[in-house]
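Have a look at the structure below before the remarks.
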2 protein chains.
Amino acid sequence: MSLLVVGTVAFDAIETPFGKTDKIIGGAATYIGLAASYFTSNLKLVSVIGSDFPQESIDLMEERGIDTEGLQVKQGEKSFFWSGKYHNDMNTRDTLATELNVLEHFDPLLPESYKDSEFVMLGNLTPSVQMRVLEQLTSKPKLVVMDTMNFWMDIALDDLKEVIRKVDVLTINDEEARQLSGEYSLVKAAKIIREMGPEYLVIKKGEHGALLFHKDRTFYSPALPLEEVFDPTGAGDTFAGGFIGFLASTEDLSFDNMKRGIIYGSAMASFCVEKFGTESLIGLSREDINSRVKQFAELVHFPQ
Amino acid sequence: MSLLVVGTVAFDAIETPFGKTDKIIGGAATYIGLAASYFTSNLKLVSVIGSDFPQESIDLMEERGIDTEGLQVKQGEKSFFWSGKYHNDMNTRDTLATELNVLEHFDPLLPESYKDSEFVMLGNLTPSVQMRVLEQLTSKPKLVVMDTMNFWMDIALDDLKEVIRKVDVLTINDEEARQLSGEYSLVKAAKIIREMGPEYLVIKKGEHGALLFHKDRTFYSPALPLEEVFDPTGAGDTFAGGFIGFLASTEDLSFDNMKRGIIYGSAMASFCVEKFGTESLIGLSREDINSRVKQFAELVHFPQ
């Protein structure tokens, strides 16, 4: 089924206790698209870049089956740039620079062939831009997944709530769930947030895994305990890409399959953090992915 | 099988965002003993209290099948007292008072009938006191589980390492595993700590669950997402009590059964935090416990 991905395609400069990168390819839609491309080849990208963005990176996306007709290139302008430094615990980071550049006036125009997409992934962006995407759809998608962050809760809460009302799945981290709901208990927070609109809430807890809430049901996926975590950048986006990519490929929205989606998302995220940037999302085999999913099953299985 | 429990029996005064207690019954051995008493009735307690400790609390332990012959009562002295205040996140706390009292000169003398115990739980105590217990055993136990904390890593590391060398299972939290090993990655930390002696390492992560490491195998148990967490005091001890109590009752030390032990321990801990102090560890039924274990299985199960 067709999967529409909207989000940033950008440059990142990352510093972790293990090393430092120059400007490398990043952005939410890049991670989402690459992760989802392992599950579905009917992938449509909506984003904006400047003329400084390397053609080879666009070629790479197209080789992975990502349709870039909706990728706007602004001649003479610069791509979005983010730079950050992770602390020793890898769970917290300082933003060193955020240069919006082309993102400042981004109007996400959907090519005609995108407008009947059946699965939609709204990567983290200004809520009004996310809304603009939904407004252009000509038929109701089977599933809309939305990612966002605390920044929009601080400065654009009303706009944010309007988008949240229209999506099926919201993915945020535990602190964001607490901020959005005003409740410390994640169980209580989930109830309140689901009353805002989404049938499903995914709470991402980084190295502590992820929770899926739906009606009175809860599913929990651990994060795989890894020898080395080199760079957490993009892990949440990669998780979302694996999740919705898997769902779009299986066309099954039962709760059991949603659970599987969470596990596939977690598996993709576990690859992501093992190398810098998007490096580990290139060249995986389906066997690599399946074998990692099996590790998740073994990690939590106990005979009753 | 006989289970020997050594640790504090004490008074606690607890403040959480949900309320405040006067002096209530607490202490590591109290939580361990009560939790373990749901699995085995062959329980032997070694601890020390002052004459200020209420007889009815000792009676309660005995009613739950806990042998208190090894509970020393120091006439005219006061019981160990700890007071703490939890922050809003319930994961961090300030210690307001620690009065060692009878604990200062505690010499854990084992009654003759305790010396051939087959399962031994060393609750958090001065490492040299834990060692004194091991030295009095006349036959090698089937399993020795040891709990400790960062405090002893700071002030008695050599003594601590000596005890660690002699135990089968060490239970510590994630920060303590990092401190003891000098490694941030818990996978690497587990390898280093297991080389110090214990075949098994349990890393407790509070609301984020627990990890069991053994050889090249890892098992993960989540914590149950709860509507309300009233008081985390004693959750780690309750976990340890459920874990070793279950193992002592089943007499099965296979890795599969160790996993079950971790889940039973997590289930007991999930009851513990729902009320103040030891309140929720009184009056549980076996059905309550089994139904909670089932919730753990459902929480992580996904069809492959």
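Quick note on naming: the chains in the structure tokens go A, B, ... in the order shown, residues restart at 1 in each chain, and ligands are numbered from 1 in order of appearance.
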Could you tell me which residues of chain A sit within 9 Å of chain B when counting only C-alpha atoms, and give me the result as a VMD selection string? chain A and resid 88 to 89 184 to 188 205 208 to 209 217 to 222 225 to 229 256 to 257 259 to 260 263 293 to 294 297 to 304
Residue selection dump (C-alpha atoms) as an mmCIF file, in the first residue's frame:
```
data_model
loop_
_atom_site.group_PDB
_atom_site.id
_atom_site.type_symbol
_atom_site.label_atom_id
_atom_site.label_comp_id
_atom_site.auth_asym_id
_atom_site.auth_seq_id
_atom_site.Cartn_x
_atom_site.Cartn_y
_atom_site.Cartn_z
ATOM 1 C CA ASN A 88 27.736 10.722 28.546
ATOM 2 C CA ASP A 89 24.461 8.985 29.347
ATOM 3 C CA TYR A 184 2.922 11.756 35.730
ATOM 4 C CA SER A 185 1.573 8.199 35.514
ATOM 5 C CA LEU A 186 1.958 7.057 31.900
ATOM 6 C CA VAL A 187 -1.189 4.940 32.217
ATOM 7 C CA LYS A 188 -3.219 8.011 33.181
ATOM 8 C CA LYS A 205 11.194 5.563 26.220
ATOM 9 C CA HIS A 208 13.869 1.681 28.070
ATOM 10 C CA GLY A 209 11.671 0.607 25.152
ATOM 11 C CA ARG A 217 -4.922 -2.773 26.137
ATOM 12 C CA THR A 218 -1.236 -2.108 26.639
ATOM 13 C CA PHE A 219 1.751 -3.604 24.848
ATOM 14 C CA TYR A 220 5.348 -3.134 25.794
ATOM 15 C CA SER A 221 8.456 -3.578 23.681
ATOM 16 C CA PRO A 222 11.869 -3.389 25.331
ATOM 17 C CA PRO A 225 20.326 -4.203 25.300
ATOM 18 C CA LEU A 226 23.284 -3.310 23.059
ATOM 19 C CA GLU A 227 27.039 -3.497 23.611
ATOM 20 C CA GLU A 228 27.518 -0.102 22.013
ATOM 21 C CA VAL A 229 25.195 2.810 21.388
ATOM 22 C CA ASP A 256 -1.758 -8.086 17.195
ATOM 23 C CA ASN A 257 -0.259 -6.676 14.027
ATOM 24 C CA LYS A 259 2.281 -5.072 18.269
ATOM 25 C CA ARG A 260 4.376 -6.634 15.532
ATOM 26 C CA ILE A 263 8.651 -4.722 17.460
ATOM 27 C CA VAL A 293 12.991 -9.416 15.710
ATOM 28 C CA LYS A 294 13.658 -12.937 16.947
ATOM 29 C CA ALA A 297 10.978 -12.342 21.195
ATOM 30 C CA GLU A 298 13.674 -14.301 23.041
ATOM 31 C CA LEU A 299 14.517 -11.387 25.314
ATOM 32 C CA VAL A 300 11.057 -11.252 26.879
ATOM 33 C CA HIS A 301 9.843 -14.827 26.516
ATOM 34 C CA PHE A 302 9.327 -16.866 29.651
ATOM 35 C CA PRO A 303 7.560 -20.210 29.878
ATOM 36 C CA GLN A 304 4.465 -19.837 32.048
#
```
Would you mind writing down, as number ranges by chain, each residue of region 39-230 of chain B that DSSP on the backbone assigns to helix (DSSP H, G or I)? B: 55-63, 101-105, 112-114, 127-136, 150-155, 157-164, 174-181, 186-195, 206-208
Could you pull the residues within 7 Å of region 3-10 of chain A, counting only C-alpha atoms, minus those fewer than 4 positions along the same chain, as a ChimeraX atom specification? /A:25-30,33,42-49,79-81,114,117-125,248
Please save C-alpha atoms of the selected residues as a PDB file, in the first residue's frame.
```
ATOM      1  CA  ILE A  25      22.636  13.470   6.003  1.00  0.00           C
ATOM      2  CA  GLY A  26      19.811  13.444   8.506  1.00  0.00           C
ATOM      3  CA  GLY A  27      16.289  14.669   9.071  1.00  0.00           C
ATOM      4  CA  ALA A  28      13.156  12.901  10.279  1.00  0.00           C
ATOM      5  CA  ALA A  29      11.864  11.970   6.819  1.00  0.00           C
ATOM      6  CA  THR A  30      15.250  10.552   5.842  1.00  0.00           C
ATOM      7  CA  GLY A  33      11.889   6.752   4.680  1.00  0.00           C
ATOM      8  CA  ASN A  42       5.449   2.299  -2.558  1.00  0.00           C
ATOM      9  CA  LEU A  43       6.935   5.237  -0.678  1.00  0.00           C
ATOM     10  CA  LYS A  44       6.280   8.911  -1.382  1.00  0.00           C
ATOM     11  CA  LEU A  45       8.392  11.645   0.163  1.00  0.00           C
ATOM     12  CA  VAL A  46       7.303  15.225   0.890  1.00  0.00           C
ATOM     13  CA  SER A  47      10.047  17.530   2.090  1.00  0.00           C
ATOM     14  CA  VAL A  48      12.215  20.508   1.178  1.00  0.00           C
ATOM     15  CA  ILE A  49      15.965  20.899   0.687  1.00  0.00           C
ATOM     16  CA  SER A  79      18.996  22.908   3.712  1.00  0.00           C
ATOM     17  CA  PHE A  80      17.801  22.659   7.300  1.00  0.00           C
ATOM     18  CA  PHE A  81      20.752  22.110   9.648  1.00  0.00           C
ATOM     19  CA  TYR A 114       0.391  11.353  -3.552  1.00  0.00           C
ATOM     20  CA  SER A 117      -1.984   7.624  -0.085  1.00  0.00           C
ATOM     21  CA  GLU A 118      -3.379   4.956   2.193  1.00  0.00           C
ATOM     22  CA  PHE A 119      -0.788   5.285   4.947  1.00  0.00           C
ATOM     23  CA  VAL A 120       0.508   8.661   6.089  1.00  0.00           C
ATOM     24  CA  MET A 121       3.463   9.343   8.372  1.00  0.00           C
ATOM     25  CA  LEU A 122       3.655  12.905   9.654  1.00  0.00           C
ATOM     26  CA  GLY A 123       7.222  13.322  10.875  1.00  0.00           C
ATOM     27  CA  ASN A 124       7.996  15.960  13.492  1.00  0.00           C
ATOM     28  CA  LEU A 125       7.340  19.403  11.936  1.00  0.00           C
ATOM     29  CA  ALA A 248       1.659  -0.564   5.217  1.00  0.00           C
TER      30      ALA A 248
END
```
Sel. of strand (DSSP E or B) residues, region 4-202 of chain B, as a VMD selection string: chain B and resid 4 to 6 10 to 16 19 to 20 24 to 26 43 to 50 66 to 74 81 to 86 93 to 99 119 to 122 143 to 147 169 to 173 200 to 202
Keeping C-alpha atoms for every residue in the selection just given, could you write it to a file as a compact mmCIF listing (two decimals), in the first residue's frame?
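Once everything was written out, this is selection14.txt:
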```
# COMPACT_ATOMS: atom_id res chain seq x y z
CA LEU B 4 17.59 -17.90 54.97
CA VAL B 5 16.98 -14.15 54.81
CA VAL B 6 19.34 -11.64 56.35
CA ALA B 10 13.45 -1.36 60.85
CA PHE B 11 11.28 1.73 61.07
CA ASP B 12 10.76 3.97 58.04
CA ALA B 13 9.16 7.40 57.74
CA ILE B 14 8.26 8.07 54.14
CA GLU B 15 7.08 11.12 52.28
CA THR B 16 5.88 10.90 48.67
CA GLY B 19 1.24 11.47 51.37
CA LYS B 20 3.38 11.01 54.42
CA ILE B 24 6.04 2.42 59.91
CA ILE B 25 7.53 -1.04 59.69
CA GLY B 26 10.17 -1.43 56.99
CA LEU B 43 11.76 -19.13 55.97
CA LYS B 44 14.43 -18.18 58.51
CA LEU B 45 15.09 -14.57 59.43
CA VAL B 46 18.37 -13.12 60.69
CA SER B 47 18.21 -9.51 61.82
CA VAL B 48 18.35 -7.19 64.81
CA ILE B 49 15.79 -4.85 66.40
CA GLY B 50 15.53 -2.74 69.53
CA ILE B 66 8.77 -16.71 59.07
CA ASP B 67 11.02 -18.27 61.73
CA THR B 68 12.27 -15.41 63.94
CA GLU B 69 14.65 -17.38 66.13
CA GLY B 70 17.50 -15.47 64.45
CA LEU B 71 15.91 -12.08 65.12
CA GLN B 72 17.98 -10.49 67.89
CA VAL B 73 16.16 -8.10 70.22
CA LYS B 74 18.47 -5.61 71.96
CA PHE B 81 15.42 4.09 61.44
CA TRP B 82 15.39 5.55 57.93
CA SER B 83 13.46 8.53 56.68
CA GLY B 84 13.20 9.70 53.09
CA LYS B 85 11.31 11.98 50.78
CA TYR B 86 10.57 11.07 47.18
CA ARG B 93 14.63 10.57 46.72
CA ASP B 94 16.42 12.45 49.47
CA THR B 95 17.40 10.67 52.65
CA LEU B 96 16.22 12.82 55.56
CA ALA B 97 17.55 10.68 58.39
CA THR B 98 19.51 7.47 58.94
CA GLU B 99 19.81 6.30 62.55
CA PHE B 119 18.74 -20.82 49.70
CA VAL B 120 20.29 -17.67 51.11
CA MET B 121 19.21 -14.08 50.52
CA LEU B 122 21.70 -11.49 51.67
CA LEU B 143 21.78 -20.55 45.66
CA VAL B 144 23.03 -17.36 47.29
CA VAL B 145 21.47 -14.08 46.14
CA MET B 146 23.01 -10.80 47.27
CA ASP B 147 21.62 -7.29 47.17
CA VAL B 169 23.25 -13.91 41.90
CA LEU B 170 23.94 -10.21 42.44
CA THR B 171 21.04 -7.73 42.27
CA ILE B 172 21.87 -4.03 41.82
CA ASN B 173 20.32 -1.12 39.95
CA TYR B 200 23.88 -14.34 37.33
CA LEU B 201 23.46 -10.60 37.42
CA VAL B 202 20.10 -8.90 37.88
```
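Take CA of Ser128 (chain A) and CA of Lys142 (chain A): the distance between them is 21.5 Å.
CA of Ile203 (chain B) to CA of Asp174 (chain B) spans 5.7 Å [interatomic distance, one decimal].
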For each of A:Arg64, A:Lys140, A:His105, A:Lys204, take the minimum atom-to-atom distance to Ala269 (chain A), counting only C-alpha atoms, then give the residue where this is smallest. A:Lys204
In terms of only C-alpha atoms, the residue from A:Ala36, A:Ile58, A:Val273, A:Leu103 at minimal distance from Glu77 (chain A) is A:Leu103
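Proximity of B:His214, B:Arg292, B:Lys191, B:Arg286 to Phe39 (chain B), computed with only C-alpha atoms, is greatest for B:Arg286.
Between CA of Ser266 (chain B) and CA of Phe239 (chain B) there is a distance of 5.5 Å.
Between Ala190 (chain A) and the residues A:Asp216, A:Val167, A:Asn101, A:Asp252, the shortest atom-to-atom distance, using only C-alpha atoms, involves A:Asp216.
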For Leu60 (chain A), list every protein, DNA or RNA residue within 10 Å, evaluated using only C-alpha atoms, and leave out those in the same chain fewer than 5 positions away; present the list as a ChimeraX atom specification. /A:34,55,65-66,282
